[in-house]
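Structure file run.cif; described as mmCIF, C-alpha atoms and all ligand atoms.
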```
data_input
#
loop_
_atom_site.label_atom_id
_atom_site.label_comp_id
_atom_site.auth_asym_id
_atom_site.auth_seq_id
_atom_site.Cartn_x
_atom_site.Cartn_y
_atom_site.Cartn_z
CA MET A 1 51.93 98.39 100.91
CA THR A 2 55.22 96.99 99.52
CA GLN A 3 56.77 99.17 96.84
CA PRO A 4 58.24 97.61 93.69
CA ALA A 5 61.98 97.05 94.29
CA VAL A 6 63.01 99.66 91.77
CA LEU A 7 61.30 102.45 93.74
CA GLU A 8 63.32 101.57 96.83
CA SER A 9 66.71 101.14 95.22
CA ALA A 10 67.04 103.33 92.15
CA ALA A 11 67.91 106.93 92.89
CA ALA A 12 68.02 107.18 89.10
CA LEU A 13 64.24 107.49 89.06
CA SER A 14 64.89 111.20 89.39
CA SER A 15 67.90 112.98 87.96
CA VAL A 16 68.55 116.56 86.90
CA MET A 17 70.33 117.53 83.70
CA ASP A 18 72.56 120.60 83.70
CA MET A 19 71.28 122.12 80.45
CA ALA A 20 74.41 124.26 80.00
CA ARG A 21 77.04 121.58 80.65
CA GLY A 22 75.13 118.39 79.91
CA ARG A 23 75.89 116.40 83.07
CA LEU A 24 73.26 114.40 84.98
CA THR A 25 73.10 114.61 88.78
CA VAL A 26 72.38 110.88 89.00
CA CYS A 27 73.83 108.39 86.57
CA THR A 28 74.92 104.78 86.72
CA ASP A 29 77.83 105.07 84.29
CA THR A 30 80.10 107.86 83.04
CA VAL A 31 82.44 107.70 80.08
CA ARG A 32 85.12 110.21 79.14
CA MET A 33 86.77 109.79 75.74
CA ARG A 34 90.01 111.60 75.07
CA VAL A 35 91.86 111.69 71.74
CA THR A 36 94.01 108.69 72.83
CA ASP A 37 90.84 106.65 73.38
CA MET A 38 89.80 107.28 69.79
CA ARG A 39 92.81 106.01 67.89
CA GLY A 40 91.69 104.76 64.48
CA VAL A 41 88.37 106.63 64.64
CA PHE A 42 89.47 109.89 63.00
CA SER A 43 90.83 109.60 59.49
CA ASN A 44 93.93 111.76 59.96
CA GLN A 45 96.25 109.65 62.17
CA GLU A 46 99.01 112.22 62.11
CA ALA A 47 96.74 115.02 63.35
CA CYS A 48 95.49 112.60 66.02
CA SER A 49 99.05 111.92 67.27
CA THR A 50 99.82 115.64 67.33
CA LEU A 51 96.74 116.35 69.46
CA GLU A 52 97.71 113.51 71.82
CA THR A 53 101.01 115.21 72.53
CA GLU A 54 99.38 118.63 72.77
CA GLY A 55 97.28 117.87 75.88
CA ASN A 56 95.18 114.94 74.72
CA PRO A 57 91.88 116.82 75.02
CA THR A 58 88.55 115.25 75.92
CA VAL A 59 86.48 114.69 72.78
CA TYR A 60 83.22 113.73 74.50
CA GLU A 61 81.63 112.56 77.72
CA VAL A 62 78.58 110.39 78.35
CA ASN A 63 76.43 110.17 81.51
CA ARG A 64 74.28 107.05 81.28
CA THR A 65 71.42 106.00 83.53
CA GLU A 66 69.81 102.57 83.65
CA PRO A 67 67.03 102.88 86.23
CA GLU A 68 65.94 99.24 85.78
CA LEU A 69 66.88 96.32 83.59
CA GLY A 70 63.65 94.64 82.52
CA ASP A 71 62.90 93.56 78.95
CA ASP A 72 60.65 96.59 78.42
CA SER A 73 62.76 99.10 80.37
CA LEU A 74 64.25 102.31 79.02
CA CYS A 75 67.59 103.94 79.74
CA TYR A 76 68.79 107.43 79.01
CA ALA A 77 72.06 109.23 78.46
CA SER A 78 73.42 112.70 77.99
CA THR A 79 76.35 113.22 75.65
CA ILE A 80 78.62 116.24 75.58
CA VAL A 81 80.75 116.51 72.44
CA TYR A 82 83.31 119.27 72.94
CA PRO A 83 84.23 121.69 70.18
CA GLY A 84 87.40 120.77 68.33
CA ARG A 85 88.88 119.11 65.28
CA VAL A 86 91.37 116.42 64.41
CA GLY A 87 92.87 117.91 61.27
CA GLU A 88 89.80 119.02 59.31
CA GLU A 89 87.48 116.46 60.93
CA TYR A 90 85.20 117.71 63.70
CA PHE A 91 85.10 116.09 67.15
CA MET A 92 82.46 113.35 67.25
CA THR A 93 81.38 110.18 69.05
CA ARG A 94 82.72 106.74 68.11
CA GLY A 95 79.37 105.70 66.68
CA HIS A 96 77.70 102.35 67.16
CA THR A 97 74.91 99.98 66.24
CA HIS A 98 72.81 98.18 68.86
CA VAL A 99 73.52 94.60 69.91
CA LYS A 100 69.78 94.08 69.74
CA GLY A 101 69.69 95.28 66.15
CA SER A 102 66.03 96.27 66.05
CA ALA A 103 66.32 98.65 69.05
CA PRO A 104 65.73 102.30 68.09
CA GLU A 105 66.83 105.46 69.93
CA ILE A 106 65.59 109.04 70.27
CA TYR A 107 67.92 112.03 70.59
CA LEU A 108 66.99 115.53 71.71
CA THR A 109 69.58 118.22 71.03
CA VAL A 110 69.73 120.40 74.11
CA ARG A 111 72.46 122.81 73.07
CA GLY A 112 74.91 123.47 70.25
CA GLU A 113 74.95 122.51 66.60
CA GLY A 114 75.83 119.24 65.01
CA MET A 115 75.15 116.53 62.52
CA MET A 116 73.99 112.99 63.09
CA LEU A 117 75.31 110.39 60.67
CA LEU A 118 73.04 107.40 60.14
CA GLN A 119 74.27 104.40 58.17
CA THR A 120 72.58 101.11 57.34
CA HIS A 121 74.45 97.77 57.32
CA ASP A 122 74.67 97.93 53.50
CA GLY A 123 76.36 101.33 53.63
CA LYS A 124 73.50 103.74 52.84
CA ILE A 125 74.20 106.96 54.70
CA GLN A 126 72.19 109.99 55.74
CA ALA A 127 73.26 113.15 57.60
CA LEU A 128 70.73 115.05 59.73
CA SER A 129 71.23 118.53 61.17
CA MET A 130 71.08 119.05 64.91
CA ALA A 131 70.34 122.30 66.74
CA SER A 132 68.79 123.12 70.11
CA GLY A 133 65.33 121.49 70.15
CA THR A 134 65.91 119.04 67.28
CA ILE A 135 64.46 115.59 67.96
CA LEU A 136 65.93 112.77 65.91
CA TYR A 137 64.73 109.19 65.69
CA VAL A 138 67.36 106.55 65.03
CA PRO A 139 65.66 103.49 63.53
CA GLY A 140 66.77 99.97 64.37
CA GLU A 141 69.59 98.37 62.35
CA THR A 142 71.21 101.80 61.84
CA ALA A 143 74.65 102.92 62.97
CA HIS A 144 74.64 106.40 64.52
CA ARG A 145 77.26 108.99 65.36
CA ILE A 146 76.99 112.63 66.39
CA VAL A 147 79.41 115.32 65.23
CA ASN A 148 79.92 118.77 66.77
CA VAL A 149 80.21 121.35 63.98
CA ALA A 150 80.21 124.48 66.17
CA GLU A 151 82.54 126.33 68.51
CA GLU A 152 80.56 125.38 71.64
CA ALA A 153 79.70 122.03 73.23
CA LEU A 154 77.06 119.88 71.53
CA ILE A 155 74.78 118.50 74.24
CA THR A 156 72.20 115.77 73.61
CA PHE A 157 69.80 113.66 75.62
CA ALA A 158 69.03 110.18 74.30
CA VAL A 159 66.51 107.49 75.28
CA TYR A 160 66.71 103.85 74.20
CA PRO A 161 65.66 100.36 75.35
CA ALA A 162 67.71 98.99 78.26
CA THR A 163 68.19 95.80 76.24
CA ALA A 164 69.65 97.66 73.20
CA GLY A 165 73.32 97.15 74.08
CA ILE A 166 76.13 99.00 72.31
CA ASP A 167 78.04 97.33 69.48
CA TYR A 168 81.15 99.14 68.25
CA ASP A 169 82.47 96.34 66.01
CA GLU A 170 80.80 97.14 62.70
CA ILE A 171 81.73 100.82 62.81
CA GLN A 172 85.24 100.02 64.01
CA ARG A 173 85.63 97.74 60.98
CA THR A 174 84.26 100.00 58.25
CA GLY A 175 83.72 103.47 59.70
CA PHE A 176 81.07 105.69 58.13
CA SER A 177 81.31 106.24 54.37
CA ARG A 178 81.31 110.01 54.91
CA ILE A 179 83.17 112.17 57.39
CA VAL A 180 82.33 115.73 58.41
CA HIS A 181 85.06 118.23 57.58
CA ALA A 182 85.34 121.92 58.35
CA GLY A 183 85.06 123.47 54.88
CA PRO A 184 85.55 127.11 53.87
CA ASP A 185 81.79 127.74 54.14
CA GLY A 186 81.01 125.46 57.09
CA PRO A 187 80.69 121.70 57.54
CA ASP A 188 81.27 119.55 54.46
CA LEU A 189 80.36 115.90 54.08
CA VAL A 190 83.33 114.28 52.34
CA PRO A 191 84.08 110.65 51.39
CA ASN A 192 85.97 108.72 54.06
CA PRO A 193 89.26 107.63 52.44
CA ASN A 194 89.42 104.58 54.75
CA TYR A 195 85.92 103.28 53.97
CA PRO A 196 86.11 99.85 52.28
CA SER A 197 84.87 99.93 48.69
CA THR A 198 83.48 96.40 49.11
CA VAL A 199 80.54 97.60 51.23
CA GLU A 200 77.43 97.87 49.05
CA GLY A 201 75.50 101.09 48.71
CA ILE A 202 78.37 103.58 48.76
CA THR A 203 78.11 106.33 46.21
CA SER A 204 81.15 108.54 45.93
C1 LIG B 1 74.27 108.58 73.39
C2 LIG B 1 73.78 107.20 73.61
C3 LIG B 1 74.81 106.44 74.41
C4 LIG B 1 76.15 106.49 73.70
C5 LIG B 1 76.58 107.92 73.50
C6 LIG B 1 77.91 108.07 72.80
O1 LIG B 1 74.23 109.26 74.58
O2 LIG B 1 73.58 106.57 72.37
O3 LIG B 1 74.38 105.13 74.57
O4 LIG B 1 77.14 105.79 74.43
O5 LIG B 1 75.57 108.60 72.78
O6 LIG B 1 77.99 107.35 71.60
P1 LIG B 1 79.08 106.20 71.37
O7 LIG B 1 78.79 105.12 72.38
O8 LIG B 1 78.87 105.78 69.95
O9 LIG B 1 80.40 106.78 71.59
ZN ZN B 2 72.58 103.98 70.30
#
```
Kindly transcribe the structure held in the file into structure tokens.
Amino acid sequence: MTQPAVLESAAALSSVMDMARGRLTVCTDTVRMRVTDMRGVFSNQEACSTLETEGNPTVYEVNRTEPELGDDSLCYASTIVYPGRVGEEYFMTRGHTHVKGSAPEIYLTVRGEGMMLLQTHDGKIQALSMASGTILYVPGETAHRIVNVAEEALITFAVYPATAGIDYDEIQRTGFSRIVHAGPDGPDLVPNPNYPSTVEGITS
């Protein structure tokens, strides 16, 4: 009997996640983002430049797997956000919406502690806590970013439609209306000084 093509070609049908480090044994794409790759993402440019000259550390890595590319297919990714700060702002992902706006995403936190920022197109924002075992659902039409608020790596596993696509433009233009700072008693959600006041829905 002839097997469907995907069973013959995609080693990605089976992969193993290193639950301590977050890497996948089989993935179709890996991304490593250092501080230099995130210029303009953190609010404190000066602290960003200082870190660049002090070793330019890796902020996060992504291992992405697209086992097949049909309209109804799923892909998955692990993300490792390393511990660290740029000024008072914790290390985090760039954040994105989906090209196919209605596409949702599910995140399981495997290890560490963090916050997920969710923001609608009209600027309404919500922050959800992440700890080992937390499952978060990112609805369609919602920008999402994860932030590591602890001293160890934040490791997540996410599943989303293969057709979702990643769109960085909106978040690059406006950012999120809140940023996550290290406060005296832990993480603090503070207004982003660079967020445009023209976006509806912001309450500061
Ligand atoms: C998750 C998924 C990936 C995404 C990654 C990092 O693993 O949503 O698709 O690339 O997080 O997020 P970003 O692309 O915003 O940097
Ligand atoms: Zn996404």
Kindly compute an axis-aligned box around the listed atoms of ligand LIG 1 (chain B), allowing 8 Å on each side, and express its centre and edge lengths in Å to one decimal as lines of an AutoDock Vina configuration file.
```
center_x = 77.0
center_y = 107.2
center_z = 72.3
size_x = 22.8
size_y = 20.1
size_z = 20.6
```
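When the distance limit is 8 Å and all atoms listed in the file are what count, the residues near stretch 101-112 of chain A, minus those fewer than 6 positions from it on the same chain, are Met19, Ala20, Met130, Ala131, Ser132, Gly133, Thr134, Ile135, Leu136, Tyr137, Val138, Pro139, Gly140, Glu141, Thr142, Asn148, Ala150, Glu152, Ala153, Leu154, Ile155, Thr156, Phe157, Ala158, Val159, Tyr160, Pro161, Thr163 and Ala164 of chain A.
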Protein and nucleic acid residues within 7 Å of ligand ZN 2 (chain B) (all atoms listed in the file) as a PyMOL selection string
chain A and resi 96-98+105+144+166
Between A:Leu13, A:Ile146, A:Leu189, A:Val62, which has the minimum distance to A:Arg32 (counting only C-alpha atoms)?
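Looking only at the distances to A:Arg32, the closest residue turns out to be A:Val62.
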Go through the chains and note each residue within 6 Å of ligand LIG 1 (chain B), using all atoms listed in the file, then give the set as an NGL selection string.
:A and (62 or 77-79 or 93-96 or 145 or 158)
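Counting all atoms listed in the file and comparing A:Asn63, A:Ser43, A:Thr198, A:Ser49, the residue that lies closest to A:Gln172 is A:Ser43.
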Separation of atom CA of A:Phe42 from atom CA of A:Pro184 in Å:
19.9 Å
Nearest to A:Thr65 by atom-to-atom distance, counting all atoms listed in the file, from A:Val35, A:Ala182, A:Val26, A:Ile80
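Ranked by minimum distance to A:Thr65, first place goes to A:Val26.
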Name the residues within 9 Å of (95.5, 109.1, 74.4), counting only C-alpha atoms in the file's coordinates, and put them as a PyMOL selection string.
chain A and resi 33-39+49+51-53+56-57
So which residues touch A:Phe176 within 8 Å, counting all atoms listed in the file, skipping near sequence neighbours fewer than 6 positions away, as JSON, numbers by chain?
{"A": [117, 119, 123, 125, 192, 195]}
From A:Pro67, A:Thr120, A:Thr50, A:Asp29, residue lying nearest A:Ser14 [all atoms listed in the file]
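Of all the options, A:Pro67 lies closest to A:Ser14.
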Scan for residues within 10 Å of the point (87.9, 112.3, 55.5) in the coordinates of the file, using all atoms listed in the file, and reply as a list in words.
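Within the cut-off we find Phe42, Ser43, Asn44, Gly87, Glu88, Glu89, Phe176, Ser177, Arg178, Ile179, Val180, His181, Asp188, Leu189, Val190, Pro191, Asn192, Pro193, Asn194 and Tyr195 of chain A.
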Would you output that residue set with C-alpha atoms, as a PDB file, in the frame of the given file?
```
ATOM      1  CA  PHE A  42      89.470 109.890  63.000  1.00  0.00           C
ATOM      2  CA  SER A  43      90.830 109.600  59.490  1.00  0.00           C
ATOM      3  CA  ASN A  44      93.930 111.760  59.960  1.00  0.00           C
ATOM      4  CA  GLY A  87      92.870 117.910  61.270  1.00  0.00           C
ATOM      5  CA  GLU A  88      89.800 119.020  59.310  1.00  0.00           C
ATOM      6  CA  GLU A  89      87.480 116.460  60.930  1.00  0.00           C
ATOM      7  CA  PHE A 176      81.070 105.690  58.130  1.00  0.00           C
ATOM      8  CA  SER A 177      81.310 106.240  54.370  1.00  0.00           C
ATOM      9  CA  ARG A 178      81.310 110.010  54.910  1.00  0.00           C
ATOM     10  CA  ILE A 179      83.170 112.170  57.390  1.00  0.00           C
ATOM     11  CA  VAL A 180      82.330 115.730  58.410  1.00  0.00           C
ATOM     12  CA  HIS A 181      85.060 118.230  57.580  1.00  0.00           C
ATOM     13  CA  ASP A 188      81.270 119.550  54.460  1.00  0.00           C
ATOM     14  CA  LEU A 189      80.360 115.900  54.080  1.00  0.00           C
ATOM     15  CA  VAL A 190      83.330 114.280  52.340  1.00  0.00           C
ATOM     16  CA  PRO A 191      84.080 110.650  51.390  1.00  0.00           C
ATOM     17  CA  ASN A 192      85.970 108.720  54.060  1.00  0.00           C
ATOM     18  CA  PRO A 193      89.260 107.630  52.440  1.00  0.00           C
ATOM     19  CA  ASN A 194      89.420 104.580  54.750  1.00  0.00           C
ATOM     20  CA  TYR A 195      85.920 103.280  53.970  1.00  0.00           C
TER      21      TYR A 195
END
```
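Atom pair atom CA of A:Ala143 / atom CA of A:Thr30: separated by 21.4 Å.
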Hey, which of A:Ser129, A:Cys48, A:Lys124, A:Gly40 ends up closest to A:Gly84? Count all atoms listed in the file.
A:Cys48
Given all atoms listed in the file as the basis, pick out the residue of A:Val41, A:Val59, A:Ala47, A:Val31 nearest to A:Gly175.
A:Val41
